[in-house]
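Here's my_file-v3.cif, which has mmCIF, C-alpha atoms:
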data_model
loop_
_atom_site.group_PDB
_atom_site.id
_atom_site.type_symbol
_atom_site.label_atom_id
_atom_site.label_comp_id
_atom_site.auth_asym_id
_atom_site.auth_seq_id
_atom_site.Cartn_x
_atom_site.Cartn_y
_atom_site.Cartn_z
ATOM 1 C CA MET A 1 73.036 25.831 64.850
ATOM 2 C CA ALA A 2 76.217 26.449 62.858
ATOM 3 C CA MET A 3 74.336 28.971 60.736
ATOM 4 C CA MET A 4 73.223 30.927 63.828
ATOM 5 C CA LYS A 5 76.790 30.963 65.137
ATOM 6 C CA MET A 6 78.055 32.329 61.829
ATOM 7 C CA LYS A 7 75.374 35.055 61.862
ATOM 8 C CA THR A 8 76.305 36.034 65.424
ATOM 9 C CA GLN A 9 79.969 36.299 64.493
ATOM 10 C CA SER A 10 79.112 38.382 61.421
ATOM 11 C CA ILE A 11 77.046 40.788 63.526
ATOM 12 C CA LYS A 12 79.863 41.148 66.050
ATOM 13 C CA LYS A 13 82.374 41.857 63.265
ATOM 14 C CA PHE A 14 80.019 44.445 61.790
ATOM 15 C CA ALA A 15 79.631 46.160 65.153
ATOM 16 C CA VAL A 16 83.400 46.317 65.685
ATOM 17 C CA ALA A 17 84.010 47.628 62.159
ATOM 18 C CA ALA A 18 81.305 50.274 62.525
ATOM 19 C CA THR A 19 82.749 51.432 65.842
ATOM 20 C CA MET A 20 86.260 51.737 64.382
ATOM 21 C CA ALA A 21 85.036 53.652 61.345
ATOM 22 C CA VAL A 22 83.017 56.118 63.382
ATOM 23 C CA SER A 23 85.856 56.588 65.850
ATOM 24 C CA MET A 24 88.255 57.398 63.019
ATOM 25 C CA LEU A 25 85.850 59.987 61.615
ATOM 26 C CA ALA A 26 85.372 61.582 65.003
ATOM 27 C CA PHE A 27 89.117 61.623 65.674
ATOM 28 C CA SER A 28 89.875 63.245 62.326
ATOM 29 C CA GLY A 29 87.531 66.108 63.226
ATOM 30 C CA ILE A 30 89.206 66.581 66.616
ATOM 31 C CA ALA A 31 92.740 66.303 65.230
ATOM 32 C CA SER A 32 92.075 69.111 62.724
ATOM 33 C CA ALA A 33 91.293 71.588 65.506
ATOM 34 C CA HIS A 34 94.366 73.819 65.389
ATOM 35 C CA VAL A 35 95.333 77.372 64.485
ATOM 36 C CA THR A 36 94.654 77.881 60.778
ATOM 37 C CA VAL A 37 94.452 80.753 58.310
ATOM 38 C CA GLN A 38 91.492 81.045 55.959
ATOM 39 C CA PRO A 39 91.068 80.932 53.013
ATOM 40 C CA THR A 40 93.502 78.137 52.220
ATOM 41 C CA GLN A 41 94.090 79.348 48.649
ATOM 42 C CA VAL A 42 94.665 82.841 47.244
ATOM 43 C CA GLN A 43 95.940 84.347 44.015
ATOM 44 C CA ALA A 44 99.340 85.979 43.619
ATOM 45 C CA GLY A 45 99.365 89.745 43.265
ATOM 46 C CA THR A 46 95.937 90.219 44.865
ATOM 47 C CA TYR A 47 94.658 91.988 47.952
ATOM 48 C CA GLN A 48 93.133 89.542 50.429
ATOM 49 C CA VAL A 49 91.256 89.478 53.725
ATOM 50 C CA LEU A 50 92.466 86.518 55.769
ATOM 51 C CA ALA A 51 91.236 85.121 59.067
ATOM 52 C CA VAL A 52 93.491 83.547 61.675
ATOM 53 C CA ARG A 53 91.188 80.952 63.239
ATOM 54 C CA VAL A 54 92.022 79.989 66.815
ATOM 55 C CA PRO A 55 90.230 77.174 68.682
ATOM 56 C CA SER A 56 90.923 76.641 72.381
ATOM 57 C CA GLU A 57 91.689 72.986 73.142
ATOM 58 C CA GLU A 58 92.814 72.657 76.758
ATOM 59 C CA LYS A 59 90.047 71.504 79.118
ATOM 60 C CA ASP A 60 90.519 73.648 82.220
ATOM 61 C CA ILE A 61 92.556 76.605 80.939
ATOM 62 C CA ASN A 62 91.824 79.379 78.458
ATOM 63 C CA THR A 63 93.664 80.689 75.428
ATOM 64 C CA VAL A 64 94.796 84.187 76.392
ATOM 65 C CA LYS A 65 97.313 85.128 73.691
ATOM 66 C CA VAL A 66 98.049 84.305 70.057
ATOM 67 C CA LYS A 67 101.104 85.401 68.094
ATOM 68 C CA VAL A 68 101.298 84.936 64.328
ATOM 69 C CA ASN A 69 104.382 85.512 62.200
ATOM 70 C CA ILE A 70 103.490 87.182 58.912
ATOM 71 C CA PRO A 71 104.974 85.399 55.866
ATOM 72 C CA ALA A 72 107.401 87.491 53.825
ATOM 73 C CA GLU A 73 105.286 86.753 50.725
ATOM 74 C CA ILE A 74 102.382 88.939 51.913
ATOM 75 C CA ASN A 75 102.389 92.595 52.939
ATOM 76 C CA VAL A 76 99.784 92.868 55.723
ATOM 77 C CA SER A 77 98.693 96.473 56.118
ATOM 78 C CA ARG A 78 95.459 96.331 58.132
ATOM 79 C CA VAL A 79 94.230 94.546 61.287
ATOM 80 C CA GLU A 80 90.536 94.327 62.133
ATOM 81 C CA PRO A 81 89.769 95.386 65.735
ATOM 82 C CA LYS A 82 88.532 92.508 67.900
ATOM 83 C CA PRO A 83 86.280 93.243 70.899
ATOM 84 C CA GLY A 84 87.830 91.846 74.077
ATOM 85 C CA TRP A 85 91.300 91.614 72.533
ATOM 86 C CA LYS A 86 94.157 94.055 71.996
ATOM 87 C CA TYR A 87 96.899 93.587 69.438
ATOM 88 C CA GLU A 88 100.562 94.522 69.095
ATOM 89 C CA LEU A 89 102.507 94.803 65.844
ATOM 90 C CA GLU A 90 106.143 93.973 65.272
ATOM 91 C CA ARG A 91 107.797 95.671 62.287
ATOM 92 C CA SER A 92 111.021 95.263 60.364
ATOM 93 C CA ALA A 93 113.573 98.009 59.859
ATOM 94 C CA ASP A 94 111.733 99.081 56.692
ATOM 95 C CA ASN A 95 108.400 99.285 58.585
ATOM 96 C CA VAL A 96 106.881 96.026 57.253
ATOM 97 C CA ILE A 97 104.634 94.137 59.709
ATOM 98 C CA THR A 98 106.431 90.893 60.631
ATOM 99 C CA SER A 99 104.188 89.574 63.411
ATOM 100 C CA ILE A 100 100.933 90.296 65.225
ATOM 101 C CA THR A 101 100.167 89.343 68.822
ATOM 102 C CA TRP A 102 96.582 89.331 70.077
ATOM 103 C CA THR A 103 96.133 89.357 73.860
ATOM 104 C CA ALA A 104 92.821 88.819 75.670
ATOM 105 C CA GLU A 105 91.621 91.710 77.808
ATOM 106 C CA GLY A 106 89.255 89.365 79.647
ATOM 107 C CA SER A 107 89.247 85.621 80.296
ATOM 108 C CA GLY A 108 90.096 84.606 76.731
ATOM 109 C CA LEU A 109 88.803 81.503 74.930
ATOM 110 C CA ALA A 110 87.421 78.500 76.827
ATOM 111 C CA VAL A 111 87.719 74.924 75.568
ATOM 112 C CA THR A 112 84.394 75.052 73.681
ATOM 113 C CA GLU A 113 85.187 78.360 71.947
ATOM 114 C CA PHE A 114 87.061 79.683 68.929
ATOM 115 C CA THR A 115 87.474 83.030 67.224
ATOM 116 C CA ASP A 116 88.804 84.615 64.019
ATOM 117 C CA PHE A 117 91.370 87.414 63.904
ATOM 118 C CA ARG A 118 91.133 89.152 60.532
ATOM 119 C CA VAL A 119 93.881 90.956 58.622
ATOM 120 C CA SER A 120 94.220 92.317 55.115
ATOM 121 C CA GLY A 121 97.168 92.704 52.787
ATOM 122 C CA LYS A 122 98.610 92.118 49.339
ATOM 123 C CA VAL A 123 100.071 88.795 48.224
ATOM 124 C CA ALA A 124 103.402 89.105 46.410
ATOM 125 C CA ASP A 125 103.396 88.616 42.651
ATOM 126 C CA ASP A 126 105.935 85.781 42.874
ATOM 127 C CA ALA A 127 104.504 84.021 45.941
ATOM 128 C CA ALA A 128 103.971 80.245 45.798
ATOM 129 C CA SER A 129 102.685 79.660 49.338
ATOM 130 C CA LEU A 130 102.213 81.442 52.653
ATOM 131 C CA VAL A 131 103.403 79.643 55.794
ATOM 132 C CA TRP A 132 101.825 81.030 58.963
ATOM 133 C CA LYS A 133 103.728 80.111 62.141
ATOM 134 C CA ALA A 134 101.569 80.651 65.229
ATOM 135 C CA TYR A 135 102.134 80.533 68.983
ATOM 136 C CA GLN A 136 99.106 79.905 71.218
ATOM 137 C CA THR A 137 99.474 80.817 74.910
ATOM 138 C CA TYR A 138 97.195 79.451 77.637
ATOM 139 C CA SER A 139 96.363 81.020 81.003
ATOM 140 C CA ASP A 140 98.770 78.679 82.850
ATOM 141 C CA GLY A 141 101.692 79.903 80.740
ATOM 142 C CA GLN A 142 101.769 76.900 78.394
ATOM 143 C CA VAL A 143 102.697 77.852 74.818
ATOM 144 C CA VAL A 144 101.690 75.618 71.909
ATOM 145 C CA GLU A 145 103.824 76.251 68.825
ATOM 146 C CA TRP A 146 102.019 75.652 65.528
ATOM 147 C CA VAL A 147 105.194 75.764 63.432
ATOM 148 C CA GLY A 148 105.730 72.229 62.075
ATOM 149 C CA GLY A 149 105.671 71.017 58.510
ATOM 150 C CA GLU A 150 102.998 68.957 56.773
ATOM 151 C CA GLY A 151 102.173 65.848 58.793
ATOM 152 C CA ALA A 152 103.585 67.242 62.039
ATOM 153 C CA ASP A 153 101.627 67.032 65.290
ATOM 154 C CA LYS A 154 101.491 70.814 65.429
ATOM 155 C CA PRO A 155 101.669 72.020 61.813
ATOM 156 C CA ALA A 156 101.872 75.611 60.660
ATOM 157 C CA SER A 157 98.934 76.687 58.531
ATOM 158 C CA VAL A 158 99.791 76.941 54.820
ATOM 159 C CA THR A 159 97.978 79.037 52.233
ATOM 160 C CA THR A 160 98.466 77.887 48.642
ATOM 161 C CA VAL A 161 99.096 80.698 46.154
ATOM 162 C CA THR A 162 97.967 80.319 42.543
ATOM 163 C CA PRO A 163 99.521 82.305 39.658
ATOM 164 C CA ALA A 164 98.270 85.832 39.063
ATOM 165 C CA ALA A 165 95.591 86.252 36.428
ATOM 166 C CA GLU A 166 96.576 88.169 33.318
ATOM 167 C CA GLY A 167 94.975 91.575 33.215
ATOM 168 C CA GLY A 168 93.557 91.237 36.750
ATOM 169 C CA ASP A 169 92.943 94.293 38.932
ATOM 170 C CA GLY A 170 94.772 92.795 41.923
ATOM 171 C CA HIS A 171 91.718 92.594 44.167
ATOM 172 C CA GLY A 172 91.069 88.850 43.905
ATOM 173 C CA ASP A 173 87.815 86.887 44.114
ATOM 174 C CA SER A 174 88.250 85.937 47.774
ATOM 175 C CA HIS A 175 88.515 89.498 49.106
ATOM 176 C CA GLY A 176 86.326 89.171 52.197
ATOM 177 C CA ALA A 177 83.917 86.644 50.721
ATOM 178 C CA GLY A 178 86.381 83.731 50.754
ATOM 179 C CA THR A 179 86.814 83.965 54.511
ATOM 180 C CA ALA A 180 83.072 83.911 55.133
ATOM 181 C CA ALA A 181 82.564 80.898 52.894
ATOM 182 C CA THR A 182 85.395 78.976 54.544
ATOM 183 C CA THR A 183 84.112 79.897 57.977
ATOM 184 C CA GLU A 184 80.710 78.417 57.217
ATOM 185 C CA SER A 185 82.288 75.271 55.756
ATOM 186 C CA ASP A 186 84.573 74.699 58.743
ATOM 187 C CA ASP A 187 81.824 75.423 61.252
ATOM 188 C CA ASN A 188 79.622 72.843 59.534
ATOM 189 C CA SER A 189 82.521 70.366 59.722
ATOM 190 C CA ASP A 190 82.958 70.968 63.452
ATOM 191 C CA SER A 191 79.235 70.498 64.040
ATOM 192 C CA LYS A 192 79.297 66.999 62.496
ATOM 193 C CA THR A 193 81.088 65.377 65.436
ATOM 194 C CA PRO A 194 77.966 65.044 67.664
ATOM 195 C CA LEU A 195 76.068 63.595 64.682
ATOM 196 C CA ILE A 196 78.818 61.039 64.056
ATOM 197 C CA LEU A 197 78.774 59.968 67.688
ATOM 198 C CA SER A 198 74.977 59.672 67.622
ATOM 199 C CA ILE A 199 75.129 57.452 64.530
ATOM 200 C CA ALA A 200 77.733 55.298 66.258
ATOM 201 C CA ALA A 201 75.443 54.866 69.256
ATOM 202 C CA VAL A 202 72.526 53.833 67.018
ATOM 203 C CA VAL A 203 74.680 51.341 65.079
ATOM 204 C CA LEU A 204 76.048 49.749 68.244
ATOM 205 C CA GLY A 205 72.597 49.622 69.802
ATOM 206 C CA ALA A 206 71.151 47.879 66.757
ATOM 207 C CA ALA A 207 74.043 45.408 66.639
ATOM 208 C CA SER A 208 73.651 44.591 70.336
ATOM 209 C CA LEU A 209 69.921 44.011 69.873
ATOM 210 C CA LEU A 210 70.529 41.628 66.967
ATOM 211 C CA VAL A 211 73.085 39.693 68.978
ATOM 212 C CA SER A 212 70.652 39.440 71.883
ATOM 213 C CA LEU A 213 67.768 38.238 69.704
ATOM 214 C CA THR A 214 70.020 35.670 68.000
ATOM 215 C CA ARG A 215 71.068 34.258 71.363
ATOM 216 C CA LYS A 216 67.463 34.000 72.514
ATOM 217 C CA LYS A 217 66.508 32.009 69.390
ATOM 218 C CA ARG A 218 69.264 29.551 70.209
#
Representation of the structure as structure tokens:
Amino acid sequence: MAMMKMKTQSIKKFAVAATMAVSMLAFSGIASAHVTVQPTQVQAGTYQVLAVRVPSEEKDINTVKVKVNIPAEINVSRVEPKPGWKYELERSADNVITSITWTAEGSGLAVTEFTDFRVSGKVADDAASLVWKAYQTYSDGQVVEWVGGEGADKPASVTTVTPAAEGGDGHGDSHGAGTAATTESDDNSDSKTPLILSIAAVVLGAASLLVSLTRKKR
């Protein structure tokens, strides 16, 4: 009798632990859904194609505008046209692009949607990192500011810059290809959440069945 009680308690503890672990995994996937710039690492002194990735997170309202401040350590010179969106450039006195604002021409991004806004430019030779401050506007006028530091609730996206290669041609390995690879990786990460929840359901179901069978044997 004591043995059965111990087994029942062990099963219950296992079920609780499994639920907590799966919940933490699912939450980490949700918490990472914010405005980011891909790839997350580039080389100094190289030309790069970067993608500003914007997920929409609010349930009943759409993302209709995104403004991104361009770090001083990169000279952005090109913006890829985006169907359904128009863009506006802000420039400094010496004609350097300092920010880009994309505005939806239609309904914008719903809660289950995301998109990439692509730009190209040259990373400075002495750059150590690129900090991308972004401002996401929803259809109700709410503005979410992705400008915080590491560990903040709403962090700015940071691109790490590695030293320039000696004798390099300045075009970098991630010119175009890096963005595509990161896109596929992140999309795969986002698609894991339903799988995690399904596994949690199976684990809890199995634990409940074991508890029920143990009680019947008693």
I'd like the interatomic distance between atom CA of A:Lys133 and atom CA of A:Val35, to a tenth of an Å.
9.1 Å
I need the residue set behind the PyMOL selection byres ((chain A and resi 156-160) around 6) for this file; please write it as JSON, numbers by chain.
{"A": [36, 40, 41, 129, 130, 131, 132, 133, 146, 147, 148, 155, 161]}
Result set of the PyMOL selection byres ((chain A and resi 62) around 12) on the coordinates above, as a ChimeraX atom specification:
/A:54-61,63-66,103-104,106-114,136-143
Expected answer as a ChimeraX atom specification: all residues with atoms within 10 Å of (105.0, 92.0, 71.0), all atoms listed in the file
/A:67,87-91,99-103
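The residues returned by the PyMOL selection byres ((chain A and resi 117) around 6) on the shown structure are Ala51, Val52, Asp116 and Arg118 of chain A.
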Between atom CA of A:Ala165 and atom CA of A:Leu50, what is the distance in Å, rounded to a tenth?
19.6 Å
With only C-alpha atoms as the basis for distance, which of A:Val76, A:Ser92, A:Thr162, A:Ala134 is at the shortest distance from A:Gln48?
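Among the listed residues, A:Val76 lies closest to A:Gln48.
Atom CA of A:His34 lies 23.9 Å from atom CA of A:Asn75.
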Hey, which of A:Glu150, A:Glu105, A:Glu80, A:Glu73 ends up closest to A:Ser120? Count only C-alpha atoms.
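Smallest separation from A:Ser120 among the options: A:Glu80.
Shortest atom-to-atom contact with A:Ala124 among A:Ala72, A:Ala93, A:Val49, A:Val37: A:Ala72, counting only C-alpha atoms.
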Could you give me, as an MDAnalysis selection string, the residues that sit within 8 Å of (96.4, 79.5, 40.9) in the file's coordinates, counting all atoms listed in the file?
chainID A and resid 42:44 161:164
Please return stretch 35-61 of chain A, rebuilt to N, CA, C and O atoms, as a JSON list (two decimals), keeping the file's coordinate frame.
[["chain", "number", "residue", "atom", "x", "y", "z"],
["A", 35, "VAL", "N", 95.31, 76.02, 65.04],
["A", 35, "VAL", "CA", 95.33, 77.37, 64.48],
["A", 35, "VAL", "C", 95.52, 77.29, 62.97],
["A", 35, "VAL", "O", 96.48, 76.69, 62.47],
["A", 36, "THR", "N", 94.60, 77.88, 62.24],
["A", 36, "THR", "CA", 94.65, 77.88, 60.78],
["A", 36, "THR", "C", 94.39, 79.28, 60.24],
["A", 36, "THR", "O", 93.86, 80.14, 60.95],
["A", 37, "VAL", "N", 94.73, 79.48, 58.98],
["A", 37, "VAL", "CA", 94.45, 80.75, 58.31],
["A", 37, "VAL", "C", 93.56, 80.47, 57.11],
["A", 37, "VAL", "O", 93.84, 79.59, 56.30],
["A", 38, "GLN", "N", 92.47, 81.22, 57.02],
["A", 38, "GLN", "CA", 91.49, 81.04, 55.96],
["A", 38, "GLN", "C", 91.45, 82.30, 55.08],
["A", 38, "GLN", "O", 91.59, 83.40, 55.60],
["A", 39, "PRO", "N", 91.24, 82.17, 53.77],
["A", 39, "PRO", "CA", 91.07, 80.93, 53.01],
["A", 39, "PRO", "C", 92.39, 80.19, 52.83],
["A", 39, "PRO", "O", 93.46, 80.75, 53.08],
["A", 40, "THR", "N", 92.31, 78.95, 52.38],
["A", 40, "THR", "CA", 93.50, 78.14, 52.22],
["A", 40, "THR", "C", 94.15, 78.31, 50.85],
["A", 40, "THR", "O", 95.20, 77.72, 50.59],
["A", 41, "GLN", "N", 93.51, 79.10, 49.97],
["A", 41, "GLN", "CA", 94.09, 79.35, 48.65],
["A", 41, "GLN", "C", 93.79, 80.78, 48.22],
["A", 41, "GLN", "O", 92.66, 81.26, 48.35],
["A", 42, "VAL", "N", 94.82, 81.47, 47.73],
["A", 42, "VAL", "CA", 94.66, 82.84, 47.24],
["A", 42, "VAL", "C", 95.43, 82.97, 45.94],
["A", 42, "VAL", "O", 96.17, 82.08, 45.54],
["A", 43, "GLN", "N", 95.27, 84.11, 45.30],
["A", 43, "GLN", "CA", 95.94, 84.35, 44.02],
["A", 43, "GLN", "C", 97.08, 85.34, 44.19],
["A", 43, "GLN", "O", 96.95, 86.33, 44.94],
["A", 44, "ALA", "N", 98.18, 85.08, 43.54],
["A", 44, "ALA", "CA", 99.34, 85.98, 43.62],
["A", 44, "ALA", "C", 98.98, 87.37, 43.10],
["A", 44, "ALA", "O", 98.17, 87.53, 42.18],
["A", 45, "GLY", "N", 99.56, 88.38, 43.72],
["A", 45, "GLY", "CA", 99.36, 89.74, 43.26],
["A", 45, "GLY", "C", 98.03, 90.36, 43.62],
["A", 45, "GLY", "O", 97.68, 91.43, 43.12],
["A", 46, "THR", "N", 97.26, 89.71, 44.51],
["A", 46, "THR", "CA", 95.94, 90.22, 44.86],
["A", 46, "THR", "C", 95.88, 90.68, 46.31],
["A", 46, "THR", "O", 96.67, 90.24, 47.15],
["A", 47, "TYR", "N", 94.94, 91.58, 46.58],
["A", 47, "TYR", "CA", 94.66, 91.99, 47.95],
["A", 47, "TYR", "C", 93.69, 90.98, 48.56],
["A", 47, "TYR", "O", 92.71, 90.59, 47.91],
["A", 48, "GLN", "N", 93.94, 90.58, 49.79],
["A", 48, "GLN", "CA", 93.13, 89.54, 50.43],
["A", 48, "GLN", "C", 92.78, 89.93, 51.86],
["A", 48, "GLN", "O", 93.54, 90.63, 52.54],
["A", 49, "VAL", "N", 91.62, 89.44, 52.31],
["A", 49, "VAL", "CA", 91.26, 89.48, 53.72],
["A", 49, "VAL", "C", 91.39, 88.05, 54.23],
["A", 49, "VAL", "O", 90.78, 87.14, 53.69],
["A", 50, "LEU", "N", 92.21, 87.86, 55.24],
["A", 50, "LEU", "CA", 92.47, 86.52, 55.77],
["A", 50, "LEU", "C", 92.09, 86.47, 57.24],
["A", 50, "LEU", "O", 92.20, 87.47, 57.95],
["A", 51, "ALA", "N", 91.65, 85.30, 57.68],
["A", 51, "ALA", "CA", 91.24, 85.12, 59.07],
["A", 51, "ALA", "C", 92.12, 84.09, 59.75],
["A", 51, "ALA", "O", 92.25, 82.95, 59.28],
["A", 52, "VAL", "N", 92.74, 84.48, 60.84],
["A", 52, "VAL", "CA", 93.49, 83.55, 61.68],
["A", 52, "VAL", "C", 92.50, 82.91, 62.64],
["A", 52, "VAL", "O", 91.97, 83.57, 63.54],
["A", 53, "ARG", "N", 92.20, 81.65, 62.42],
["A", 53, "ARG", "CA", 91.19, 80.95, 63.24],
["A", 53, "ARG", "C", 91.85, 80.22, 64.40],
["A", 53, "ARG", "O", 92.74, 79.40, 64.21],
["A", 54, "VAL", "N", 91.40, 80.54, 65.61],
["A", 54, "VAL", "CA", 92.02, 79.99, 66.82],
["A", 54, "VAL", "C", 90.98, 79.26, 67.66],
["A", 54, "VAL", "O", 90.09, 79.88, 68.23],
["A", 55, "PRO", "N", 91.07, 77.92, 67.75],
["A", 55, "PRO", "CA", 90.23, 77.17, 68.68],
["A", 55, "PRO", "C", 90.99, 76.97, 69.99],
["A", 55, "PRO", "O", 92.21, 76.85, 69.98],
["A", 56, "SER", "N", 90.29, 76.95, 71.10],
["A", 56, "SER", "CA", 90.92, 76.64, 72.38],
["A", 56, "SER", "C", 90.70, 75.16, 72.66],
["A", 56, "SER", "O", 89.59, 74.65, 72.50],
["A", 57, "GLU", "N", 91.76, 74.45, 73.05],
["A", 57, "GLU", "CA", 91.69, 72.99, 73.14],
["A", 57, "GLU", "C", 91.91, 72.41, 74.53],
["A", 57, "GLU", "O", 91.56, 71.27, 74.79],
["A", 58, "GLU", "N", 92.53, 73.17, 75.43],
["A", 58, "GLU", "CA", 92.81, 72.66, 76.76],
["A", 58, "GLU", "C", 91.57, 72.72, 77.65],
["A", 58, "GLU", "O", 90.86, 73.73, 77.66],
["A", 59, "LYS", "N", 91.32, 71.67, 78.40],
["A", 59, "LYS", "CA", 90.05, 71.50, 79.12],
["A", 59, "LYS", "C", 89.80, 72.56, 80.19],
["A", 59, "LYS", "O", 88.73, 73.15, 80.24],
["A", 60, "ASP", "N", 90.77, 72.80, 81.05],
["A", 60, "ASP", "CA", 90.52, 73.65, 82.22],
["A", 60, "ASP", "C", 91.23, 75.00, 82.18],
["A", 60, "ASP", "O", 91.25, 75.72, 83.17],
["A", 61, "ILE", "N", 91.86, 75.32, 81.06],
["A", 61, "ILE", "CA", 92.56, 76.60, 80.94],
["A", 61, "ILE", "C", 92.18, 77.28, 79.63],
["A", 61, "ILE", "O", 91.82, 76.61, 78.66]]
